[in-house]
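Working notes, structure below.
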Amino acid sequence: MASLGLSAGEREAVEAFRRDVVEPSMSSLVIIDFWAEWCGPCKALTPLLEKVCAAYADKGVVLAKVDTDKNQFIASQFQIKSIPTVYAMFQGQLVADLTPARTESALKTMLDQILAKLPIPSEAADLEAELAPLLAMAEQVLAEGDAEQAIMIFRQVADLAPGHPAIHSGMIRALVAAGQLDEADAHLAALDPETFALPELDRAKAALTLAKDARPVDDLSGLAAEVAAHPDDHEKRFALAGGQMAAGDRDAAAESLLTIIAADRAWNEGAARAQLLKLFEVVGLEDPWVSAQRRKLSAILFG
(Lines give C-alpha, C1' and ligand atoms only; values in the text may rest on other atoms or scores of the structure.)
Protein backbone atom coordinates (compact mmCIF):
# COMPACT_ATOMS: atom_id res chain seq x y z
CA MET A 1 0.00 0.00 0.00
CA ALA A 2 1.99 3.00 -1.29
CA SER A 3 2.04 6.22 0.74
CA LEU A 4 3.56 8.56 -1.85
CA GLY A 5 1.33 11.58 -2.52
CA LEU A 6 -0.96 10.94 0.43
CA SER A 7 -2.09 13.44 3.00
CA ALA A 8 -0.65 13.33 6.48
CA GLY A 9 -3.79 11.66 7.80
CA GLU A 10 -3.74 9.03 5.07
CA ARG A 11 -0.05 8.31 5.67
CA GLU A 12 -0.77 7.89 9.35
CA ALA A 13 -3.62 5.46 8.55
CA VAL A 14 -1.39 3.45 6.22
CA GLU A 15 1.39 3.21 8.80
CA ALA A 16 -1.09 2.14 11.47
CA PHE A 17 -2.50 -0.52 9.15
CA ARG A 18 0.99 -1.82 8.39
CA ARG A 19 1.82 -1.94 12.09
CA ASP A 20 -1.45 -3.45 13.33
CA VAL A 21 -2.40 -5.71 10.43
CA VAL A 22 0.26 -6.33 7.79
CA GLU A 23 3.23 -6.89 10.10
CA PRO A 24 1.38 -9.34 12.40
CA SER A 25 0.21 -11.20 9.31
CA MET A 26 3.83 -12.15 8.54
CA SER A 27 3.62 -14.84 11.23
CA SER A 28 -0.09 -15.00 12.10
CA LEU A 29 -3.45 -15.25 10.41
CA VAL A 30 -5.00 -11.81 10.87
CA ILE A 31 -8.77 -11.56 10.75
CA ILE A 32 -9.68 -8.02 9.61
CA ASP A 33 -13.07 -6.78 10.78
CA PHE A 34 -14.21 -3.73 8.78
CA TRP A 35 -16.93 -2.11 10.89
CA ALA A 36 -18.51 1.20 11.92
CA GLU A 37 -20.19 2.48 15.07
CA TRP A 38 -23.54 3.00 13.35
CA CYS A 39 -23.63 -0.54 11.86
CA GLY A 40 -26.07 -2.80 13.73
CA PRO A 41 -24.93 -6.09 12.14
CA CYS A 42 -21.34 -5.13 12.99
CA LYS A 43 -22.21 -4.89 16.66
CA ALA A 44 -23.77 -8.35 16.51
CA LEU A 45 -20.82 -9.89 14.68
CA THR A 46 -17.95 -8.31 16.62
CA PRO A 47 -18.46 -10.26 19.88
CA LEU A 48 -18.59 -13.48 17.88
CA LEU A 49 -15.34 -12.64 16.08
CA GLU A 50 -13.68 -11.75 19.36
CA LYS A 51 -14.78 -15.04 20.95
CA VAL A 52 -13.66 -17.24 18.05
CA CYS A 53 -10.35 -15.45 17.51
CA ALA A 54 -9.58 -15.69 21.23
CA ALA A 55 -10.29 -19.43 21.07
CA TYR A 56 -7.93 -19.75 18.10
CA ALA A 57 -5.18 -17.52 19.52
CA ASP A 58 -2.92 -20.48 20.28
CA LYS A 59 -3.28 -21.51 16.64
CA GLY A 60 -1.84 -18.20 15.43
CA VAL A 61 -5.07 -16.25 14.82
CA VAL A 62 -5.39 -12.56 15.77
CA LEU A 63 -8.22 -10.07 15.27
CA ALA A 64 -7.72 -6.57 13.84
CA LYS A 65 -10.60 -4.10 13.78
CA VAL A 66 -10.79 -1.33 11.19
CA ASP A 67 -13.34 1.45 11.75
CA THR A 68 -14.32 2.39 8.20
CA ASP A 69 -15.49 5.88 9.28
CA LYS A 70 -12.11 6.70 10.76
CA ASN A 71 -10.16 4.83 8.09
CA GLN A 72 -11.96 5.72 4.88
CA PHE A 73 -8.76 5.59 2.85
CA ILE A 74 -7.97 2.04 4.05
CA ALA A 75 -11.55 0.97 3.37
CA SER A 76 -11.36 2.41 -0.15
CA GLN A 77 -8.13 0.52 -0.83
CA PHE A 78 -9.90 -2.73 0.00
CA GLN A 79 -12.98 -1.65 -1.99
CA ILE A 80 -15.26 -2.11 1.00
CA LYS A 81 -18.79 -1.57 -0.33
CA SER A 82 -20.76 -2.81 2.70
CA ILE A 83 -20.12 -3.69 6.30
CA PRO A 84 -19.47 -5.80 8.14
CA THR A 85 -16.81 -7.19 5.83
CA VAL A 86 -14.36 -9.71 7.25
CA TYR A 87 -11.14 -10.76 5.50
CA ALA A 88 -8.31 -13.09 6.49
CA MET A 89 -4.73 -11.96 5.75
CA PHE A 90 -1.51 -13.97 5.84
CA GLN A 91 1.93 -12.61 4.97
CA GLY A 92 0.39 -9.39 3.67
CA GLN A 93 -2.00 -11.12 1.27
CA LEU A 94 -5.75 -11.64 1.58
CA VAL A 95 -6.38 -15.37 1.72
CA ALA A 96 -10.11 -15.59 2.41
CA ASP A 97 -13.36 -13.66 2.66
CA LEU A 98 -15.04 -14.64 5.93
CA THR A 99 -17.95 -12.25 5.53
CA PRO A 100 -20.53 -14.99 4.79
CA ALA A 101 -19.68 -16.77 8.06
CA ARG A 102 -22.10 -15.31 10.62
CA THR A 103 -22.21 -18.15 13.16
CA GLU A 104 -19.58 -19.54 15.50
CA SER A 105 -19.57 -22.95 13.84
CA ALA A 106 -19.28 -21.43 10.36
CA LEU A 107 -16.36 -19.23 11.43
CA LYS A 108 -14.57 -22.14 13.07
CA THR A 109 -15.08 -24.33 10.02
CA MET A 110 -13.62 -21.70 7.71
CA LEU A 111 -10.70 -21.02 10.04
CA ASP A 112 -9.92 -24.73 10.31
CA GLN A 113 -9.87 -25.01 6.52
CA ILE A 114 -7.61 -21.96 6.15
CA LEU A 115 -5.20 -22.96 8.91
CA ALA A 116 -4.82 -26.45 7.44
CA LYS A 117 -3.39 -24.91 4.26
CA LEU A 118 -1.03 -22.30 5.73
CA PRO A 119 2.38 -22.73 7.41
CA ILE A 120 1.46 -20.71 10.49
CA PRO A 121 3.68 -21.27 13.52
CA SER A 122 1.61 -21.57 16.68
CA GLU A 123 1.61 -22.96 20.18
CA ALA A 124 -1.07 -25.45 19.16
CA ALA A 125 0.99 -26.73 16.21
CA ASP A 126 4.07 -27.10 18.41
CA LEU A 127 2.06 -28.97 21.03
CA GLU A 128 0.53 -31.29 18.40
CA ALA A 129 4.02 -32.10 17.12
CA GLU A 130 5.12 -32.93 20.67
CA LEU A 131 2.03 -35.01 21.39
CA ALA A 132 1.93 -37.01 18.14
CA PRO A 133 4.66 -39.58 18.94
CA LEU A 134 3.44 -39.97 22.54
CA LEU A 135 -0.14 -40.58 21.43
CA ALA A 136 1.08 -43.01 18.78
CA MET A 137 3.02 -44.91 21.46
CA ALA A 138 0.00 -45.08 23.75
CA GLU A 139 -2.26 -46.28 20.92
CA GLN A 140 0.29 -48.91 19.90
CA VAL A 141 0.55 -50.23 23.47
CA LEU A 142 -3.25 -50.33 23.69
CA ALA A 143 -3.51 -52.15 20.34
CA GLU A 144 -1.01 -54.74 21.59
CA GLY A 145 -3.29 -55.48 24.54
CA ASP A 146 -1.44 -53.84 27.43
CA ALA A 147 -4.31 -51.67 28.64
CA GLU A 148 -2.76 -50.88 32.05
CA GLN A 149 0.44 -49.58 30.45
CA ALA A 150 -1.61 -47.59 27.95
CA ILE A 151 -3.53 -45.96 30.82
CA MET A 152 -0.24 -44.89 32.41
CA ILE A 153 1.01 -43.36 29.16
CA PHE A 154 -2.25 -41.52 28.46
CA ARG A 155 -2.15 -40.10 32.00
CA GLN A 156 1.39 -38.83 31.46
CA VAL A 157 0.45 -37.28 28.12
CA ALA A 158 -2.58 -35.65 29.74
CA ASP A 159 -0.19 -33.60 31.89
CA LEU A 160 0.95 -31.85 28.70
CA ALA A 161 -2.52 -31.22 27.26
CA PRO A 162 -5.30 -31.94 29.75
CA GLY A 163 -8.13 -31.00 27.39
CA HIS A 164 -6.91 -32.80 24.25
CA PRO A 165 -9.79 -34.91 22.81
CA ALA A 166 -7.51 -37.67 21.49
CA ILE A 167 -6.12 -38.15 25.00
CA HIS A 168 -9.62 -38.41 26.48
CA SER A 169 -10.61 -40.87 23.78
CA GLY A 170 -7.54 -43.02 24.32
CA MET A 171 -7.88 -42.96 28.10
CA ILE A 172 -11.53 -44.05 28.00
CA ARG A 173 -10.79 -46.84 25.53
CA ALA A 174 -7.83 -48.01 27.64
CA LEU A 175 -9.99 -48.04 30.78
CA VAL A 176 -12.61 -50.06 28.90
CA ALA A 177 -9.97 -52.53 27.69
CA ALA A 178 -8.76 -52.89 31.28
CA GLY A 179 -12.28 -53.71 32.40
CA GLN A 180 -12.57 -50.49 34.42
CA LEU A 181 -15.99 -49.57 33.04
CA ASP A 182 -17.06 -47.44 35.99
CA GLU A 183 -13.90 -45.36 35.69
CA ALA A 184 -14.41 -45.02 31.93
CA ASP A 185 -18.02 -43.96 32.51
CA ALA A 186 -16.94 -41.37 35.07
CA HIS A 187 -14.23 -40.00 32.78
CA LEU A 188 -16.70 -39.58 29.93
CA ALA A 189 -19.32 -38.01 32.18
CA ALA A 190 -16.79 -35.48 33.52
CA LEU A 191 -16.08 -34.01 30.07
CA ASP A 192 -17.48 -30.59 29.30
CA PRO A 193 -20.37 -30.61 26.76
CA GLU A 194 -18.24 -29.17 23.94
CA THR A 195 -15.54 -31.83 24.29
CA PHE A 196 -18.14 -34.58 24.76
CA ALA A 197 -19.70 -33.67 21.40
CA LEU A 198 -16.42 -33.80 19.44
CA PRO A 199 -16.14 -36.58 16.82
CA GLU A 200 -12.85 -37.70 18.41
CA LEU A 201 -14.90 -39.04 21.32
CA ASP A 202 -17.22 -41.17 19.16
CA ARG A 203 -14.83 -44.12 19.19
CA ALA A 204 -14.54 -43.99 22.98
CA LYS A 205 -18.31 -43.79 23.40
CA ALA A 206 -18.73 -46.79 21.11
CA ALA A 207 -16.12 -48.76 23.06
CA LEU A 208 -17.89 -48.08 26.35
CA THR A 209 -21.32 -48.91 24.95
CA LEU A 210 -20.03 -52.08 23.35
CA ALA A 211 -18.29 -53.18 26.55
CA LYS A 212 -21.55 -52.76 28.47
CA ASP A 213 -23.45 -54.73 25.82
CA ALA A 214 -20.81 -57.44 25.40
CA ARG A 215 -21.34 -59.42 28.57
CA PRO A 216 -18.88 -62.21 29.44
CA VAL A 217 -20.17 -65.75 29.08
CA ASP A 218 -19.11 -68.28 31.74
CA ASP A 219 -19.19 -71.27 29.36
CA LEU A 220 -18.35 -69.80 25.97
CA SER A 221 -17.59 -73.16 24.35
CA GLY A 222 -20.85 -74.56 25.68
CA LEU A 223 -22.82 -71.65 24.23
CA ALA A 224 -20.99 -72.10 20.91
CA ALA A 225 -22.06 -75.76 20.91
CA GLU A 226 -25.68 -74.75 21.54
CA VAL A 227 -25.56 -72.28 18.64
CA ALA A 228 -24.08 -74.95 16.38
CA ALA A 229 -26.94 -77.27 17.34
CA HIS A 230 -29.55 -74.55 16.79
CA PRO A 231 -28.21 -72.31 14.00
CA ASP A 232 -31.48 -70.41 13.65
CA ASP A 233 -31.47 -69.26 17.27
CA HIS A 234 -30.33 -65.70 16.67
CA GLU A 235 -30.79 -64.72 20.31
CA LYS A 236 -28.20 -67.27 21.41
CA ARG A 237 -25.86 -66.38 18.55
CA PHE A 238 -26.12 -62.70 19.49
CA ALA A 239 -25.24 -63.61 23.09
CA LEU A 240 -22.34 -65.66 21.74
CA ALA A 241 -21.10 -62.63 19.81
CA GLY A 242 -21.25 -60.60 23.02
CA GLY A 243 -19.25 -63.23 24.87
CA GLN A 244 -16.71 -63.39 22.06
CA MET A 245 -16.31 -59.62 22.15
CA ALA A 246 -15.93 -59.68 25.92
CA ALA A 247 -13.22 -62.31 25.48
CA GLY A 248 -11.43 -60.11 22.96
CA ASP A 249 -12.09 -62.40 19.97
CA ARG A 250 -13.25 -59.83 17.45
CA ASP A 251 -12.91 -62.21 14.50
CA ALA A 252 -15.34 -64.71 16.02
CA ALA A 253 -17.68 -61.92 17.17
CA ALA A 254 -17.80 -60.39 13.70
CA GLU A 255 -18.44 -63.81 12.14
CA SER A 256 -21.34 -64.46 14.54
CA LEU A 257 -22.91 -61.08 13.81
CA LEU A 258 -22.43 -61.46 10.05
CA THR A 259 -24.12 -64.87 10.22
CA ILE A 260 -27.18 -63.30 11.88
CA ILE A 261 -27.28 -60.49 9.30
CA ALA A 262 -27.03 -62.99 6.44
CA ALA A 263 -29.91 -65.01 7.84
CA ASP A 264 -32.16 -62.11 8.87
CA ARG A 265 -30.79 -58.60 8.61
CA ALA A 266 -33.92 -57.14 10.23
CA TRP A 267 -33.76 -59.42 13.29
CA ASN A 268 -34.37 -57.53 16.54
CA GLU A 269 -34.60 -54.24 14.63
CA GLY A 270 -31.20 -54.69 13.03
CA ALA A 271 -29.42 -55.33 16.34
CA ALA A 272 -26.68 -57.47 14.80
CA ARG A 273 -25.73 -54.86 12.21
CA ALA A 274 -25.81 -52.08 14.81
CA GLN A 275 -23.53 -54.10 17.07
CA LEU A 276 -21.16 -54.85 14.20
CA LEU A 277 -20.93 -51.17 13.29
CA LYS A 278 -20.10 -50.34 16.91
CA LEU A 279 -17.33 -52.92 16.76
CA PHE A 280 -15.99 -51.30 13.58
CA GLU A 281 -15.94 -47.90 15.27
CA VAL A 282 -14.14 -49.24 18.32
CA VAL A 283 -11.44 -50.91 16.25
CA GLY A 284 -11.09 -47.83 14.04
CA LEU A 285 -12.75 -47.20 10.70
CA GLU A 286 -9.38 -46.94 8.93
CA ASP A 287 -8.13 -50.25 10.30
CA PRO A 288 -7.49 -52.93 7.62
CA TRP A 289 -9.45 -55.45 9.69
CA VAL A 290 -12.51 -53.21 9.53
CA SER A 291 -12.09 -52.80 5.78
CA ALA A 292 -12.07 -56.57 5.36
CA GLN A 293 -15.18 -57.00 7.51
CA ARG A 294 -16.95 -54.20 5.66
CA ARG A 295 -16.39 -56.07 2.40
CA LYS A 296 -18.04 -59.14 3.93
CA LEU A 297 -20.95 -57.03 5.13
CA SER A 298 -21.38 -55.43 1.71
CA ALA A 299 -21.35 -58.84 0.04
CA ILE A 300 -24.20 -59.91 2.33
CA LEU A 301 -26.24 -56.74 1.90
CA PHE A 302 -25.68 -56.12 -1.80
CA GLY A 303 -24.24 -59.33 -3.19
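Identifiers in the C-alpha coordinates: chain A, B, ... in order shown; residue index from 1 per chain; ligand index from 1 in order shown.
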
Quiz prompt | Residue contacts of region 28-33 of chain A (6 Å, only C-alpha atoms) excluding same-chain residues fewer than 4 positions away, as a list in words | solution =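 The residues that qualify are Pro24, Gly60, Val61, Val62, Leu63, Ala64, Lys65, Val66, Val86, Tyr87, Ala88, Met89 and Phe90 of chain A.
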
Dump as a PDB file, in the first residue's frame, selection limited to N, CA, C and O atoms:
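selection39.pdb written:
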ATOM      1  N   PRO A  24       1.774  -8.105  11.695  1.00  0.00           N
ATOM      2  CA  PRO A  24       1.382  -9.338  12.401  1.00  0.00           C
ATOM      3  C   PRO A  24       1.051 -10.488  11.461  1.00  0.00           C
ATOM      4  O   PRO A  24       1.232 -11.664  11.811  1.00  0.00           O
ATOM      5  N   GLY A  60      -2.438 -19.257  16.233  1.00  0.00           N
ATOM      6  CA  GLY A  60      -1.842 -18.202  15.429  1.00  0.00           C
ATOM      7  C   GLY A  60      -2.833 -17.258  14.791  1.00  0.00           C
ATOM      8  O   GLY A  60      -2.528 -16.638  13.771  1.00  0.00           O
ATOM      9  N   VAL A  61      -4.040 -17.128  15.373  1.00  0.00           N
ATOM     10  CA  VAL A  61      -5.068 -16.247  14.820  1.00  0.00           C
ATOM     11  C   VAL A  61      -5.195 -15.002  15.700  1.00  0.00           C
ATOM     12  O   VAL A  61      -5.261 -15.103  16.922  1.00  0.00           O
ATOM     13  N   VAL A  62      -5.197 -13.819  15.047  1.00  0.00           N
ATOM     14  CA  VAL A  62      -5.391 -12.561  15.769  1.00  0.00           C
ATOM     15  C   VAL A  62      -6.469 -11.747  15.058  1.00  0.00           C
ATOM     16  O   VAL A  62      -6.680 -11.888  13.849  1.00  0.00           O
ATOM     17  N   LEU A  63      -7.142 -10.900  15.812  1.00  0.00           N
ATOM     18  CA  LEU A  63      -8.217 -10.073  15.269  1.00  0.00           C
ATOM     19  C   LEU A  63      -7.756  -8.628  15.183  1.00  0.00           C
ATOM     20  O   LEU A  63      -7.185  -8.090  16.130  1.00  0.00           O
ATOM     21  N   ALA A  64      -8.003  -7.992  14.031  1.00  0.00           N
ATOM     22  CA  ALA A  64      -7.721  -6.568  13.842  1.00  0.00           C
ATOM     23  C   ALA A  64      -9.009  -5.892  13.406  1.00  0.00           C
ATOM     24  O   ALA A  64      -9.668  -6.340  12.463  1.00  0.00           O
ATOM     25  N   LYS A  65      -9.369  -4.804  14.089  1.00  0.00           N
ATOM     26  CA  LYS A  65     -10.604  -4.097  13.778  1.00  0.00           C
ATOM     27  C   LYS A  65     -10.276  -2.793  13.050  1.00  0.00           C
ATOM     28  O   LYS A  65      -9.404  -2.047  13.476  1.00  0.00           O
ATOM     29  N   VAL A  66     -10.994  -2.544  11.969  1.00  0.00           N
ATOM     30  CA  VAL A  66     -10.792  -1.328  11.186  1.00  0.00           C
ATOM     31  C   VAL A  66     -12.111  -0.569  11.110  1.00  0.00           C
ATOM     32  O   VAL A  66     -13.072  -1.033  10.480  1.00  0.00           O
ATOM     33  N   VAL A  86     -15.399  -9.041   6.465  1.00  0.00           N
ATOM     34  CA  VAL A  86     -14.359  -9.709   7.248  1.00  0.00           C
ATOM     35  C   VAL A  86     -13.434 -10.469   6.292  1.00  0.00           C
ATOM     36  O   VAL A  86     -13.885 -11.352   5.555  1.00  0.00           O
ATOM     37  N   TYR A  87     -12.150 -10.093   6.325  1.00  0.00           N
ATOM     38  CA  TYR A  87     -11.143 -10.757   5.500  1.00  0.00           C
ATOM     39  C   TYR A  87     -10.110 -11.443   6.388  1.00  0.00           C
ATOM     40  O   TYR A  87      -9.920 -11.057   7.549  1.00  0.00           O
ATOM     41  N   ALA A  88      -9.433 -12.440   5.817  1.00  0.00           N
ATOM     42  CA  ALA A  88      -8.305 -13.086   6.489  1.00  0.00           C
ATOM     43  C   ALA A  88      -7.050 -12.759   5.704  1.00  0.00           C
ATOM     44  O   ALA A  88      -7.030 -12.886   4.474  1.00  0.00           O
ATOM     45  N   MET A  89      -5.987 -12.327   6.401  1.00  0.00           N
ATOM     46  CA  MET A  89      -4.735 -11.957   5.752  1.00  0.00           C
ATOM     47  C   MET A  89      -3.587 -12.774   6.327  1.00  0.00           C
ATOM     48  O   MET A  89      -3.494 -12.977   7.538  1.00  0.00           O
ATOM     49  N   PHE A  90      -2.719 -13.252   5.427  1.00  0.00           N
ATOM     50  CA  PHE A  90      -1.511 -13.968   5.837  1.00  0.00           C
ATOM     51  C   PHE A  90      -0.354 -13.499   4.975  1.00  0.00           C
ATOM     52  O   PHE A  90      -0.464 -13.462   3.743  1.00  0.00           O
TER      53      PHE A  90
END

Practice problem: With a distance cut-off of 12 Å and only C-alpha atoms, select the neighbouring residues of Arg265 (chain A), excluding the residue or stretch itself and same-chain residues fewer than 4 positions from it, and output the selection as a list in words. | Solution: His234, Leu257, Leu258, Thr259, Ile260, Ile261, Glu269, Gly270, Ala271, Ala272, Arg273, Ala274, Leu276, Leu297, Ile300, Leu301 and Phe302 of chain A

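In this model, the gap between CA of Ala253 (chain A) and CA of Gln293 (chain A) comes to 11.1 Å.
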
Practice problem: Find the residues around Ala178 (chain A) up to 7 Å (only C-alpha atoms counted), leave out those fewer than 2 positions away in its own chain, and share them as a PyMOL selection string. | Solution: chain A and resi 147-148+174-176+180

Please produce a file of the residues just selected, as a PDB file, in the first residue's frame, where the atoms kept are all heavy atoms.
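Output (out-v9.pdb):
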ATOM      1  N   ALA A 147      -3.448 -52.792  28.301  1.00  0.00           N
ATOM      2  CA  ALA A 147      -4.307 -51.666  28.643  1.00  0.00           C
ATOM      3  C   ALA A 147      -3.780 -50.883  29.841  1.00  0.00           C
ATOM      4  O   ALA A 147      -3.850 -49.644  29.860  1.00  0.00           O
ATOM      5  CB  ALA A 147      -5.724 -52.168  28.931  1.00  0.00           C
ATOM      6  N   GLU A 148      -3.249 -51.567  30.853  1.00  0.00           N
ATOM      7  CA  GLU A 148      -2.756 -50.882  32.049  1.00  0.00           C
ATOM      8  C   GLU A 148      -1.598 -49.952  31.710  1.00  0.00           C
ATOM      9  O   GLU A 148      -1.521 -48.820  32.200  1.00  0.00           O
ATOM     10  CB  GLU A 148      -2.321 -51.904  33.109  1.00  0.00           C
ATOM     11  CG  GLU A 148      -3.442 -52.775  33.639  1.00  0.00           C
ATOM     12  CD  GLU A 148      -4.433 -51.992  34.491  1.00  0.00           C
ATOM     13  OE1 GLU A 148      -4.140 -50.837  34.856  1.00  0.00           O
ATOM     14  OE2 GLU A 148      -5.522 -52.543  34.778  1.00  0.00           O
ATOM     15  N   ALA A 174      -8.768 -47.193  26.858  1.00  0.00           N
ATOM     16  CA  ALA A 174      -7.835 -48.005  27.639  1.00  0.00           C
ATOM     17  C   ALA A 174      -8.495 -48.493  28.924  1.00  0.00           C
ATOM     18  O   ALA A 174      -8.311 -49.656  29.328  1.00  0.00           O
ATOM     19  CB  ALA A 174      -6.583 -47.194  27.962  1.00  0.00           C
ATOM     20  N   LEU A 175      -9.264 -47.633  29.572  1.00  0.00           N
ATOM     21  CA  LEU A 175      -9.989 -48.042  30.776  1.00  0.00           C
ATOM     22  C   LEU A 175     -10.989 -49.150  30.458  1.00  0.00           C
ATOM     23  O   LEU A 175     -11.139 -50.109  31.226  1.00  0.00           O
ATOM     24  CB  LEU A 175     -10.719 -46.837  31.385  1.00  0.00           C
ATOM     25  CG  LEU A 175      -9.832 -45.780  32.056  1.00  0.00           C
ATOM     26  CD1 LEU A 175     -10.635 -44.526  32.360  1.00  0.00           C
ATOM     27  CD2 LEU A 175      -9.206 -46.336  33.337  1.00  0.00           C
ATOM     28  N   VAL A 176     -11.661 -49.027  29.324  1.00  0.00           N
ATOM     29  CA  VAL A 176     -12.605 -50.060  28.896  1.00  0.00           C
ATOM     30  C   VAL A 176     -11.868 -51.378  28.673  1.00  0.00           C
ATOM     31  O   VAL A 176     -12.305 -52.447  29.130  1.00  0.00           O
ATOM     32  CB  VAL A 176     -13.344 -49.637  27.616  1.00  0.00           C
ATOM     33  CG1 VAL A 176     -14.117 -50.821  27.023  1.00  0.00           C
ATOM     34  CG2 VAL A 176     -14.305 -48.491  27.908  1.00  0.00           C
ATOM     35  N   GLN A 180     -12.212 -51.508  33.429  1.00  0.00           N
ATOM     36  CA  GLN A 180     -12.573 -50.492  34.417  1.00  0.00           C
ATOM     37  C   GLN A 180     -13.710 -49.630  33.849  1.00  0.00           C
ATOM     38  O   GLN A 180     -13.561 -48.442  33.575  1.00  0.00           O
ATOM     39  CB  GLN A 180     -11.356 -49.637  34.760  1.00  0.00           C
ATOM     40  CG  GLN A 180     -10.188 -50.447  35.329  1.00  0.00           C
ATOM     41  CD  GLN A 180      -8.970 -49.592  35.602  1.00  0.00           C
ATOM     42  OE1 GLN A 180      -9.063 -48.427  35.985  1.00  0.00           O
ATOM     43  NE2 GLN A 180      -7.793 -50.173  35.394  1.00  0.00           N
TER      44      GLN A 180
END

Quiz item: CA of Pro216 (chain A) to CA of Ala247 (chain A): how many Å, to one decimal?
Solution: 6.9 Å

Quiz prompt | All helix (DSSP H, G or I) residues (DSSP, backbone) inside region 23-255 of chain A, as a PyMOL selection string | solution = chain A and resi 24-26+40-55+57-59+72-77+104-117+123-143+147-158+165-177+181-189+193-196+199-213+220-229+234-246+250-255

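Residue nearest Glu194 (chain A), chosen from A:Ala292, A:Asp146, A:Leu208, A:Ser105 and counting only C-alpha atoms: A:Ser105.
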
Quiz item: Do you know which residues are at most 12 Å from Asp249 (chain A) counting only C-alpha atoms, after dropping those on the same chain fewer than 5 positions away, and could you put them as a list in words?
Solution: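 Residues meeting the cut-off are Ala214, Pro216, Leu220, Leu240, Ala241, Gly242, Gly243, Gln244, Ala254, Glu255, Ser256 and Leu279 of chain A.
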
Exercise. Find, counting only C-alpha atoms, the residue in A:Glu50, A:Asp264, A:Asp126, A:Glu23 that gets nearest to Leu107 (chain A).
Key: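 Nearest to Leu107 (chain A): A:Glu50.
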
Practice problem: Extract, using only C-alpha atoms, all DNA, RNA and protein residues at most 9 Å from Arg173 (chain A), discarding same-chain residues fewer than 5 positions from it, and format them as a VMD selection string. | Solution: chain A and resid 142 147 168 178 184 203 to 205 207 to 208 282

Take the residues just selected and output them with N, CA and C atoms as a PDB file, in the first residue's frame.
ATOM      1  N   LEU A 142      -1.858 -49.908  23.516  1.00  0.00           N
ATOM      2  CA  LEU A 142      -3.250 -50.334  23.692  1.00  0.00           C
ATOM      3  C   LEU A 142      -3.622 -51.394  22.664  1.00  0.00           C
ATOM      4  N   ALA A 147      -3.448 -52.792  28.301  1.00  0.00           N
ATOM      5  CA  ALA A 147      -4.307 -51.666  28.643  1.00  0.00           C
ATOM      6  C   ALA A 147      -3.780 -50.883  29.841  1.00  0.00           C
ATOM      7  N   HIS A 168      -8.404 -37.927  25.815  1.00  0.00           N
ATOM      8  CA  HIS A 168      -9.617 -38.406  26.483  1.00  0.00           C
ATOM      9  C   HIS A 168     -10.120 -39.686  25.825  1.00  0.00           C
ATOM     10  N   ALA A 178      -9.228 -52.357  30.000  1.00  0.00           N
ATOM     11  CA  ALA A 178      -8.763 -52.891  31.281  1.00  0.00           C
ATOM     12  C   ALA A 178      -9.905 -53.390  32.154  1.00  0.00           C
ATOM     13  N   ALA A 184     -14.225 -45.547  33.293  1.00  0.00           N
ATOM     14  CA  ALA A 184     -14.408 -45.022  31.934  1.00  0.00           C
ATOM     15  C   ALA A 184     -15.679 -44.191  31.853  1.00  0.00           C
ATOM     16  N   ARG A 203     -15.412 -42.777  19.073  1.00  0.00           N
ATOM     17  CA  ARG A 203     -14.829 -44.117  19.187  1.00  0.00           C
ATOM     18  C   ARG A 203     -14.826 -44.581  20.644  1.00  0.00           C
ATOM     19  N   ALA A 204     -14.544 -43.654  21.550  1.00  0.00           N
ATOM     20  CA  ALA A 204     -14.543 -43.990  22.976  1.00  0.00           C
ATOM     21  C   ALA A 204     -15.950 -44.317  23.458  1.00  0.00           C
ATOM     22  N   LYS A 205     -16.925 -43.524  23.011  1.00  0.00           N
ATOM     23  CA  LYS A 205     -18.314 -43.793  23.397  1.00  0.00           C
ATOM     24  C   LYS A 205     -18.746 -45.172  22.901  1.00  0.00           C
ATOM     25  N   ALA A 207     -16.818 -47.722  22.291  1.00  0.00           N
ATOM     26  CA  ALA A 207     -16.118 -48.755  23.057  1.00  0.00           C
ATOM     27  C   ALA A 207     -16.802 -49.008  24.388  1.00  0.00           C
ATOM     28  N   LEU A 208     -17.218 -47.940  25.047  1.00  0.00           N
ATOM     29  CA  LEU A 208     -17.886 -48.077  26.349  1.00  0.00           C
ATOM     30  C   LEU A 208     -19.251 -48.750  26.192  1.00  0.00           C
ATOM     31  N   VAL A 282     -15.083 -49.029  17.232  1.00  0.00           N
ATOM     32  CA  VAL A 282     -14.141 -49.240  18.323  1.00  0.00           C
ATOM     33  C   VAL A 282     -12.764 -49.603  17.790  1.00  0.00           C
TER      34      VAL A 282
END

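Of note, CA of Glu10 (chain A) and CA of Ile74 (chain A) are spaced 8.2 Å apart.
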